$ cat final.cif   # mmCIF, C-alpha atoms and all ligand atoms
data_upload
#
loop_
_atom_site.label_atom_id
_atom_site.label_comp_id
_atom_site.auth_asym_id
_atom_site.auth_seq_id
_atom_site.Cartn_x
_atom_site.Cartn_y
_atom_site.Cartn_z
CA MET A 1 114.37 287.60 94.30
CA ALA A 2 116.77 288.75 96.98
CA ALA A 3 120.38 289.87 97.32
CA ILE A 4 122.12 288.99 100.58
CA CYS A 5 124.40 291.88 101.05
CA ASN A 6 126.79 293.54 103.52
CA GLN A 7 130.22 294.76 102.51
CA LYS A 8 131.58 293.73 105.89
CA GLY A 9 133.39 290.41 105.60
CA GLY A 10 132.21 287.51 107.72
CA ALA A 11 128.78 288.99 108.46
CA GLY A 12 126.99 285.72 107.69
CA LYS A 13 125.94 286.41 104.07
CA THR A 14 126.88 283.02 102.66
CA THR A 15 125.54 281.10 105.66
CA SER A 16 122.26 283.02 105.45
CA ALA A 17 121.93 282.57 101.68
CA LEU A 18 122.51 278.82 101.86
CA GLU A 19 120.48 278.09 104.99
CA LEU A 20 117.55 280.24 103.81
CA ALA A 21 117.69 278.45 100.48
CA MET A 22 117.70 275.07 102.22
CA ALA A 23 114.76 276.13 104.40
CA LEU A 24 112.82 277.09 101.26
CA VAL A 25 113.79 273.86 99.51
CA ALA A 26 112.49 271.93 102.56
CA ARG A 27 109.13 273.62 101.89
CA GLY A 28 109.12 272.19 98.38
CA LEU A 29 110.29 275.32 96.55
CA ARG A 30 112.93 275.42 93.84
CA VAL A 31 115.68 277.84 94.69
CA ARG A 32 118.77 279.03 92.83
CA VAL A 33 121.68 280.40 94.85
CA ILE A 34 123.89 282.64 92.73
CA ASP A 35 127.43 282.99 94.06
CA ALA A 36 128.32 286.60 93.25
CA ASP A 37 131.35 286.64 95.56
CA PRO A 38 134.65 287.16 93.71
CA GLN A 39 136.74 285.87 96.64
CA GLU A 40 138.77 282.68 96.22
CA ALA A 41 137.04 281.17 99.24
CA SER A 42 133.44 281.64 98.14
CA LEU A 43 130.63 279.09 98.40
CA SER A 44 131.63 277.68 94.99
CA VAL A 45 134.76 276.24 96.56
CA TRP A 46 132.93 273.89 98.88
CA LEU A 47 129.25 273.49 97.97
CA ARG A 48 128.74 270.34 95.92
CA PHE A 49 127.05 270.67 92.55
CA PHE A 50 126.93 268.57 89.39
CA TYR A 51 127.79 269.37 85.81
CA PRO A 52 125.52 267.54 83.34
CA GLU A 53 126.90 264.14 82.44
CA GLY A 54 129.29 264.27 79.49
CA LEU A 55 129.58 268.08 79.49
CA PRO A 56 133.10 268.83 78.21
CA GLU A 57 135.27 270.89 80.53
CA ALA A 58 135.39 273.76 78.03
CA ASP A 59 131.59 274.06 78.25
CA ARG A 60 131.48 274.23 82.06
CA LYS A 61 130.42 277.83 82.35
CA ASN A 62 130.11 279.97 85.46
CA LEU A 63 128.82 283.38 86.50
CA ARG A 64 131.87 285.11 85.03
CA ASP A 65 130.91 283.82 81.57
CA LEU A 66 127.45 285.32 81.94
CA TYR A 67 129.03 288.78 82.28
CA PHE A 68 131.54 288.34 79.45
CA GLU A 69 129.89 286.10 76.84
CA PRO A 70 126.62 287.40 75.35
CA GLU A 71 125.48 283.96 74.17
CA VAL A 72 125.69 282.36 77.63
CA THR A 73 122.33 282.03 79.40
CA LEU A 74 121.43 281.72 83.07
CA GLN A 75 120.52 278.10 82.41
CA ASP A 76 124.06 277.45 81.09
CA VAL A 77 125.46 278.48 84.47
CA THR A 78 122.87 276.80 86.71
CA PHE A 79 123.62 273.35 88.07
CA ALA A 80 121.89 270.77 90.24
CA THR A 81 123.12 270.00 93.75
CA PRO A 82 122.70 266.90 95.96
CA TYR A 83 119.69 268.66 97.52
CA THR A 84 116.49 268.29 95.52
CA GLY A 85 115.21 271.72 94.56
CA LEU A 86 118.48 273.54 95.23
CA TYR A 87 120.29 274.87 92.16
CA PHE A 88 123.59 276.66 92.14
CA THR A 89 125.36 279.18 89.94
CA PRO A 90 129.08 278.98 90.72
CA SER A 91 131.49 281.88 90.51
CA PHE A 92 134.89 280.45 89.80
CA PRO A 93 137.34 280.98 88.36
CA ASP A 94 138.08 284.67 87.99
CA LEU A 95 134.75 286.31 88.75
CA LYS A 96 136.89 289.20 90.02
CA ASP A 97 137.54 290.05 86.34
CA VAL A 98 134.06 291.60 86.35
CA GLU A 99 135.24 294.12 88.95
CA SER A 100 138.53 294.93 87.21
CA LYS A 101 137.43 294.83 83.55
CA HIS A 102 133.87 296.02 84.03
CA PRO A 103 132.40 294.53 80.82
CA ALA A 104 129.73 296.56 79.04
CA GLY A 105 126.35 296.43 80.75
CA THR A 106 127.70 295.00 84.02
CA GLU A 107 125.25 296.86 86.24
CA THR A 108 122.12 295.55 84.54
CA LEU A 109 123.40 292.18 83.36
CA LEU A 110 122.06 290.05 86.19
CA GLN A 111 118.74 291.90 86.09
CA TYR A 112 118.47 291.16 82.36
CA HIS A 113 119.15 287.46 82.79
CA LEU A 114 116.89 287.06 85.81
CA ARG A 115 114.05 288.82 83.99
CA ASN A 116 114.65 286.73 80.88
CA GLY A 117 114.93 283.18 82.12
CA GLY A 118 115.12 283.51 85.90
CA ASP A 119 111.69 281.95 86.42
CA ASP A 120 112.90 278.36 85.92
CA VAL A 121 113.03 278.35 89.74
CA ASP A 122 110.63 279.78 92.32
CA ILE A 123 113.19 281.95 94.10
CA ASN A 124 116.60 283.39 93.25
CA LEU A 125 119.00 284.32 96.07
CA ILE A 126 122.23 286.19 95.34
CA ASP A 127 125.13 285.73 97.76
CA CYS A 128 127.17 288.95 97.47
CA GLY A 129 130.84 289.31 98.31
CA PRO A 130 132.25 291.66 100.94
CA GLY A 131 132.36 294.77 98.78
CA LEU A 132 130.20 297.43 97.16
CA GLY A 133 131.78 297.17 93.71
CA PRO A 134 130.13 296.46 90.35
CA LEU A 135 129.19 292.86 91.22
CA THR A 136 127.28 293.89 94.33
CA VAL A 137 125.66 296.79 92.47
CA SER A 138 124.54 294.42 89.72
CA ALA A 139 123.00 292.14 92.38
CA LEU A 140 121.16 295.11 93.91
CA VAL A 141 119.88 296.17 90.49
CA ALA A 142 118.58 292.64 89.87
CA ALA A 143 116.92 292.15 93.26
CA HIS A 144 113.60 293.26 94.74
CA ASP A 145 114.70 292.62 98.30
CA VAL A 146 117.96 293.06 100.19
CA TYR A 147 118.68 290.96 103.26
CA ILE A 148 121.44 292.36 105.42
CA PRO A 149 123.18 289.89 107.72
CA VAL A 150 124.89 291.49 110.71
CA GLN A 151 127.12 289.68 113.21
CA ALA A 152 125.14 290.25 116.38
CA GLY A 153 128.06 289.49 118.66
CA SER A 154 130.61 291.88 117.26
CA GLY A 155 129.10 295.35 117.53
CA LEU A 156 127.75 297.55 114.77
CA ASP A 157 130.11 298.83 112.10
CA VAL A 158 128.43 302.23 111.83
CA ARG A 159 130.60 303.59 109.01
CA GLY A 160 130.22 300.35 107.04
CA ALA A 161 126.44 300.46 107.50
CA ALA A 162 126.37 304.06 106.22
CA ALA A 163 128.32 303.07 103.09
CA LEU A 164 125.94 300.18 102.44
CA ASN A 165 122.95 302.50 102.87
CA ARG A 166 124.43 305.01 100.42
CA THR A 167 124.88 302.28 97.83
CA ILE A 168 121.34 300.98 98.34
CA THR A 169 119.91 304.52 98.09
CA THR A 170 121.90 305.25 94.91
CA VAL A 171 120.66 302.04 93.30
CA GLN A 172 117.09 302.83 94.39
CA GLN A 173 117.27 306.34 92.91
CA ARG A 174 118.96 305.56 89.63
CA LEU A 175 118.67 301.91 88.75
CA ASN A 176 116.02 299.99 90.66
CA ARG A 177 113.13 301.79 92.31
CA GLU A 178 111.64 298.52 93.60
CA LEU A 179 114.61 297.72 95.81
CA ARG A 180 113.89 297.55 99.55
CA VAL A 181 115.64 296.28 102.64
CA ALA A 182 113.29 293.44 103.55
CA ALA A 183 115.25 291.77 106.34
CA VAL A 184 118.14 292.13 108.72
CA VAL A 185 119.53 288.79 109.88
CA LEU A 186 121.26 288.93 113.27
CA THR A 187 123.75 286.13 112.72
CA ASP A 188 125.73 284.32 115.41
CA PHE A 189 123.01 285.54 117.77
CA GLU A 190 123.15 284.96 121.51
CA LYS A 191 120.95 286.67 124.05
CA SER A 192 122.97 289.56 125.40
CA THR A 193 122.60 293.26 126.04
CA LEU A 194 124.81 294.02 123.05
CA ALA A 195 122.76 291.82 120.72
CA ARG A 196 119.55 293.41 121.98
CA GLN A 197 120.95 296.90 121.45
CA ILE A 198 122.10 296.02 117.94
CA GLY A 199 118.64 294.61 117.23
CA HIS A 200 116.94 297.80 118.42
CA THR A 201 119.30 300.05 116.46
CA LEU A 202 118.74 298.07 113.27
CA ALA A 203 114.97 297.94 113.78
CA LYS A 204 115.00 301.76 113.95
CA ALA A 205 117.32 302.10 110.97
CA TYR A 206 115.21 299.74 108.84
CA PRO A 207 111.63 300.19 110.08
CA ASP A 208 110.15 298.16 107.21
CA ALA A 209 112.53 295.22 107.57
CA VAL A 210 111.95 292.00 109.45
CA ILE A 211 114.61 291.48 112.12
CA LEU A 212 115.53 287.78 112.19
CA PRO A 213 117.89 286.29 114.75
CA ALA A 214 119.93 283.27 113.59
CA ARG A 215 121.32 281.73 116.75
CA THR A 216 124.95 280.80 117.27
CA ASN A 217 125.97 277.33 116.23
CA ILE A 218 129.60 276.38 116.60
CA ARG A 219 129.20 273.49 114.14
CA ILE A 220 128.63 275.70 111.08
CA GLY A 221 132.37 275.62 110.39
CA ALA A 222 132.42 271.83 110.68
CA ALA A 223 129.44 271.60 108.31
CA GLN A 224 131.38 273.64 105.74
CA LEU A 225 134.40 271.38 106.11
CA ALA A 226 132.10 268.42 105.47
CA LYS A 227 130.82 270.34 102.39
CA GLU A 228 127.30 270.46 103.74
CA PRO A 229 124.71 273.03 104.73
CA LEU A 230 124.00 273.07 108.49
CA ARG A 231 120.50 271.78 107.72
CA THR A 232 121.75 268.41 106.49
CA PHE A 233 124.81 268.28 108.78
CA GLU A 234 122.90 268.96 111.98
CA PRO A 235 119.17 269.03 111.19
CA SER A 236 118.16 269.53 114.85
CA ALA A 237 120.19 272.77 115.26
CA THR A 238 118.20 275.73 116.59
CA THR A 239 119.81 277.85 113.85
CA VAL A 240 118.03 275.66 111.29
CA LEU A 241 114.72 276.51 113.00
CA ASP A 242 115.64 280.21 112.84
CA TYR A 243 116.13 280.05 109.09
CA ASP A 244 112.87 278.08 108.79
CA LEU A 245 111.06 280.91 110.54
CA GLY A 246 112.81 283.46 108.31
CA ALA A 247 111.81 281.55 105.18
CA ARG A 248 108.18 281.36 106.38
CA ILE A 249 108.01 285.08 107.12
CA LEU A 250 109.84 286.32 104.04
CA PHE A 251 108.20 283.98 101.55
CA ALA A 252 104.73 283.60 103.07
CA GLN A 253 103.18 284.30 99.66
CA VAL A 254 105.24 281.83 97.64
CA GLN A 255 103.68 278.39 97.35
CA ALA A 256 105.38 275.21 96.16
N1 LIG B 1 124.68 281.49 113.33
C1 LIG B 1 126.02 281.36 113.35
N2 LIG B 1 126.63 280.79 114.44
C2 LIG B 1 127.97 280.65 114.47
N3 LIG B 1 128.80 280.99 113.47
C3 LIG B 1 128.25 281.53 112.38
C4 LIG B 1 126.84 281.74 112.26
N4 LIG B 1 126.59 282.28 111.02
C5 LIG B 1 127.80 282.41 110.43
N5 LIG B 1 128.78 281.95 111.22
C6 LIG B 1 130.22 281.90 110.94
O1 LIG B 1 130.70 283.19 110.64
C7 LIG B 1 131.69 283.11 109.63
C8 LIG B 1 131.31 284.02 108.47
O2 LIG B 1 130.12 283.55 107.90
P1 LIG B 1 129.84 283.69 106.34
O3 LIG B 1 130.91 283.03 105.55
O4 LIG B 1 128.44 283.26 106.13
O5 LIG B 1 129.97 285.26 106.19
P2 LIG B 1 130.03 286.11 104.85
O6 LIG B 1 129.36 287.41 105.16
O7 LIG B 1 129.52 285.34 103.72
O8 LIG B 1 131.60 286.33 104.69
P3 LIG B 1 132.35 286.94 103.39
O9 LIG B 1 132.14 288.41 103.49
O10 LIG B 1 133.77 286.55 103.57
O11 LIG B 1 131.70 286.34 102.19
C9 LIG B 1 131.80 281.66 109.20
O12 LIG B 1 132.91 281.08 109.81
C10 LIG B 1 130.53 281.04 109.71
O13 LIG B 1 130.74 279.70 110.04
MG MG B 2 130.37 284.92 101.87
#
$ encode --input "final.cif" --output "structure tokens" --more "lines below"
Ligand SMILES: Nc1ncnc2c1ncn2[C@@H]1O[C@H](COP(=O)(O)OP(=O)(O)OP(=O)(O)O)[C@@H](O)[C@H]1O
Ligand SMILES: [Mg+2]
Amino acid sequence: MAAICNQKGGAGKTTSALELAMALVARGLRVRVIDADPQEASLSVWLRFFYPEGLPEADRKNLRDLYFEPEVTLQDVTFATPYTGLYFTPSFPDLKDVESKHPAGTETLLQYHLRNGGDDVDINLIDCGPGLGPLTVSALVAAHDVYIPVQAGSGLDVRGAAALNRTITTVQQRLNRELRVAAVVLTDFEKSTLARQIGHTLAKAYPDAVILPARTNIRIGAAQLAKEPLRTFEPSATTVLDYDLGARILFAQVQA
């Protein structure tokens, strides 16, 4: 179970969560992507998923309901997608209420539900929003692994990285000793001196993490507009191969 996390906006969290999930699904695994991003423009806005036939609108629950309604289960907020093996937990509307109202038990809520009912799929991936608030903390408490996407072309945000590290260390000390940074994904990667330097710096900062480049593809935006992952929109893209490699390295032990 992994949280894809970086409080910097536009780092490639959502792209990495979805494309890694699709790479795992292509290997025959069942994967749930949990949209823990309270922004209006999160993955829930464009990824297609299906409510069960005949489910009344009032019963269409989402991640917000998991935090606020004790009787709601993870299964109630998990839905099929057009991609066999990919399941999705949407976040809208009003997931941001969790950050402002902070319902009791927020920090451990996702951990509780993933421990009690999260094994209906092989792998759970949590797509965090661009913040280090209660939602991101609850994702870090629930996860074993953190994957940190970093925009390889835009230089390192040193202060932002320090804040992320502080949050991860605090969660490790107080709430989740198992948590580890398992991967850094260099998104929008093109061979350049800057990208190489960023790679080296991150490899030193996270000596136990796998450093995975995900090469630039200018069609990722078009894929989103078409409401599709890059993998189905442009299956031959080199970026798809990069996420395949990442999935093989990070989940070598998990068999379909
Ligand atoms: N490998 C790539 N090549 C080119 N563009 C990319 C690549 N990966 C991500 N992008 C682009 O970068 C932008 C940000 O990506 P994404 O939405 O995944 O970031 P995010 O970290 O989830 O952002 P937010 O913090 O807003 O949730 C998007 O427009 C996406 O299309
Ligand atoms: Mg995102």
$ residues_near_ligand --input "final.cif" --ligand "ligand MG 2 (chain B)" --cutoff "6 Å" --atoms "only C-alpha atoms and all ligand atoms" --output "VMD selection string"
chain A and resid 13 to 14 42 129
$ write_last_selection --input "final.cif" --atoms "C-alpha atoms" --output "PDB file, in the coordinates of the input"
ATOM      1  CA  LYS A  13     125.940 286.410 104.070  1.00  0.00           C
ATOM      2  CA  THR A  14     126.880 283.020 102.660  1.00  0.00           C
ATOM      3  CA  SER A  42     133.440 281.640  98.140  1.00  0.00           C
ATOM      4  CA  GLY A 129     130.840 289.310  98.310  1.00  0.00           C
TER       5      GLY A 129
END
$ closest_residue --input "final.cif" --among "A:Pro70, A:Gly117, A:Gly199, A:Gly85" --to "Pro103 (chain A)" --atoms "all atoms listed in the file"
A:Pro70
$ closest_atom_pairs --input "final.cif" --of "region 132-177 of chain A" --to "region 186-194 of chain A" --cutoff "8 Å" --atoms "all atoms listed in the file" --output "CSV"
residue,atom,partner,partner_atom,distance
A:Pro149,CA,A:Leu186,CA,6.0
A:Val150,CA,A:Leu186,CA,5.1
A:Gln151,CA,A:Thr187,CA,4.9
A:Ala152,CA,A:Leu186,CA,5.1
A:Gly153,CA,A:Phe189,CA,6.5
A:Gly155,CA,A:Leu194,CA,7.1
$ write_last_selection --input "final.cif" --atoms "C-alpha atoms" --output "JSON list (two decimals), keeping the file's coordinate frame"
[["chain", "number", "residue", "atom", "x", "y", "z"],
["A", 149, "PRO", "CA", 123.18, 289.89, 107.72],
["A", 150, "VAL", "CA", 124.89, 291.49, 110.71],
["A", 151, "GLN", "CA", 127.12, 289.68, 113.21],
["A", 152, "ALA", "CA", 125.14, 290.25, 116.38],
["A", 153, "GLY", "CA", 128.06, 289.49, 118.66],
["A", 155, "GLY", "CA", 129.10, 295.35, 117.53]]
$ axis_aligned_box --input "final.cif" --around "ligand LIG 1 (chain B)" --padding-each-side "4 Å" --output "JSON"
{"center_x": 129.2, "center_y": 284.1, "center_z": 108.3, "size_x": 17.1, "size_y": 16.7, "size_z": 20.3}
$ residues_near_ligand --input "final.cif" --ligand "ligand LIG 1 (chain B)" --cutoff "6 Å" --atoms "all atoms listed in the file" --output "number ranges by chain"
A: 8-15, 129-130, 187-188, 214-218, 220-221
$ residues_around --input "final.cif" --residues "Leu43 (chain A)" --least-positions-apart "3" --cutoff "8 Å" --atoms "only C-alpha atoms" --output "ChimeraX atom specification"
/A:14,35,46-47,90
$ residues_around --input "final.cif" --residues "region 159-169 of chain A" --least-positions-apart "4" --cutoff "8 Å" --atoms "only C-alpha atoms" --output "MDAnalysis selection string"
chainID A and resid 6:8 132 137 140 173 179
$ closest_residue --input "final.cif" --among "A:Glu99, A:Phe92, A:Arg219, A:Tyr147" --to "Ser236 (chain A)" --atoms "all atoms listed in the file"
A:Arg219
$ residues_near_point --input "final.cif" --point "(116.5, 293.2, 94.0)" --cutoff "7 Å" --atoms "all atoms listed in the file" --output "PyMOL selection string"
chain A and resi 1-3+139-146+179
$ closest_residue --input "final.cif" --among "A:Leu18, A:Leu24, A:Ala195, A:Leu135" --to "Ala252 (chain A)" --atoms "all atoms listed in the file"
A:Leu24
$ closest_residue --input "final.cif" --among "A:Arg60, A:Arg48, A:Lys204, A:Arg30" --to "Ile123 (chain A)" --atoms "only C-alpha atoms"
A:Arg30
$ closest_residue --input "final.cif" --among "A:Glu228, A:Asp97, A:Asp157, A:Asp208" --to "Pro38 (chain A)" --atoms "all atoms listed in the file"
A:Asp97
$ residues_around --input "final.cif" --residues "Lys101 (chain A)" --least-positions-apart "4" --cutoff "12 Å" --atoms "all atoms listed in the file" --output "MDAnalysis selection string"
chainID A and resid 64 67:68 94:97 105:106 133:135
$ closest_residue --input "final.cif" --among "A:Phe50, A:Ala58, A:Leu20, A:Ala226" --to "Thr81 (chain A)" --atoms "only C-alpha atoms"
A:Phe50
$ atom_distance --input "final.cif" --atom1 "CA of Ala36 (chain A)" --atom2 "CA of Ala203 (chain A)"
27.0 Å
$ atom_distance --input "final.cif" --atom1 "CA of Leu86 (chain A)" --atom2 "CA of Arg32 (chain A)"
6.0 Å
$ residues_near_point --input "final.cif" --point "(118.1, 268.9, 96.2)" --cutoff "10 Å" --atoms "all atoms listed in the file" --output "mmCIF file with C-alpha atoms, in the coordinates of the input"
data_model
loop_
_atom_site.group_PDB
_atom_site.id
_atom_site.type_symbol
_atom_site.label_atom_id
_atom_site.label_comp_id
_atom_site.auth_asym_id
_atom_site.auth_seq_id
_atom_site.Cartn_x
_atom_site.Cartn_y
_atom_site.Cartn_z
ATOM 1 C CA MET A 22 117.700 275.070 102.220
ATOM 2 C CA VAL A 25 113.790 273.860 99.510
ATOM 3 C CA ALA A 26 112.490 271.930 102.560
ATOM 4 C CA GLY A 28 109.120 272.190 98.380
ATOM 5 C CA ARG A 30 112.930 275.420 93.840
ATOM 6 C CA VAL A 31 115.680 277.840 94.690
ATOM 7 C CA PHE A 49 127.050 270.670 92.550
ATOM 8 C CA ALA A 80 121.890 270.770 90.240
ATOM 9 C CA THR A 81 123.120 270.000 93.750
ATOM 10 C CA PRO A 82 122.700 266.900 95.960
ATOM 11 C CA TYR A 83 119.690 268.660 97.520
ATOM 12 C CA THR A 84 116.490 268.290 95.520
ATOM 13 C CA GLY A 85 115.210 271.720 94.560
ATOM 14 C CA LEU A 86 118.480 273.540 95.230
ATOM 15 C CA TYR A 87 120.290 274.870 92.160
#
$ atom_distance --input "final.cif" --atom1 "CA of Thr170 (chain A)" --atom2 "CA of Asp127 (chain A)"
20.0 Å
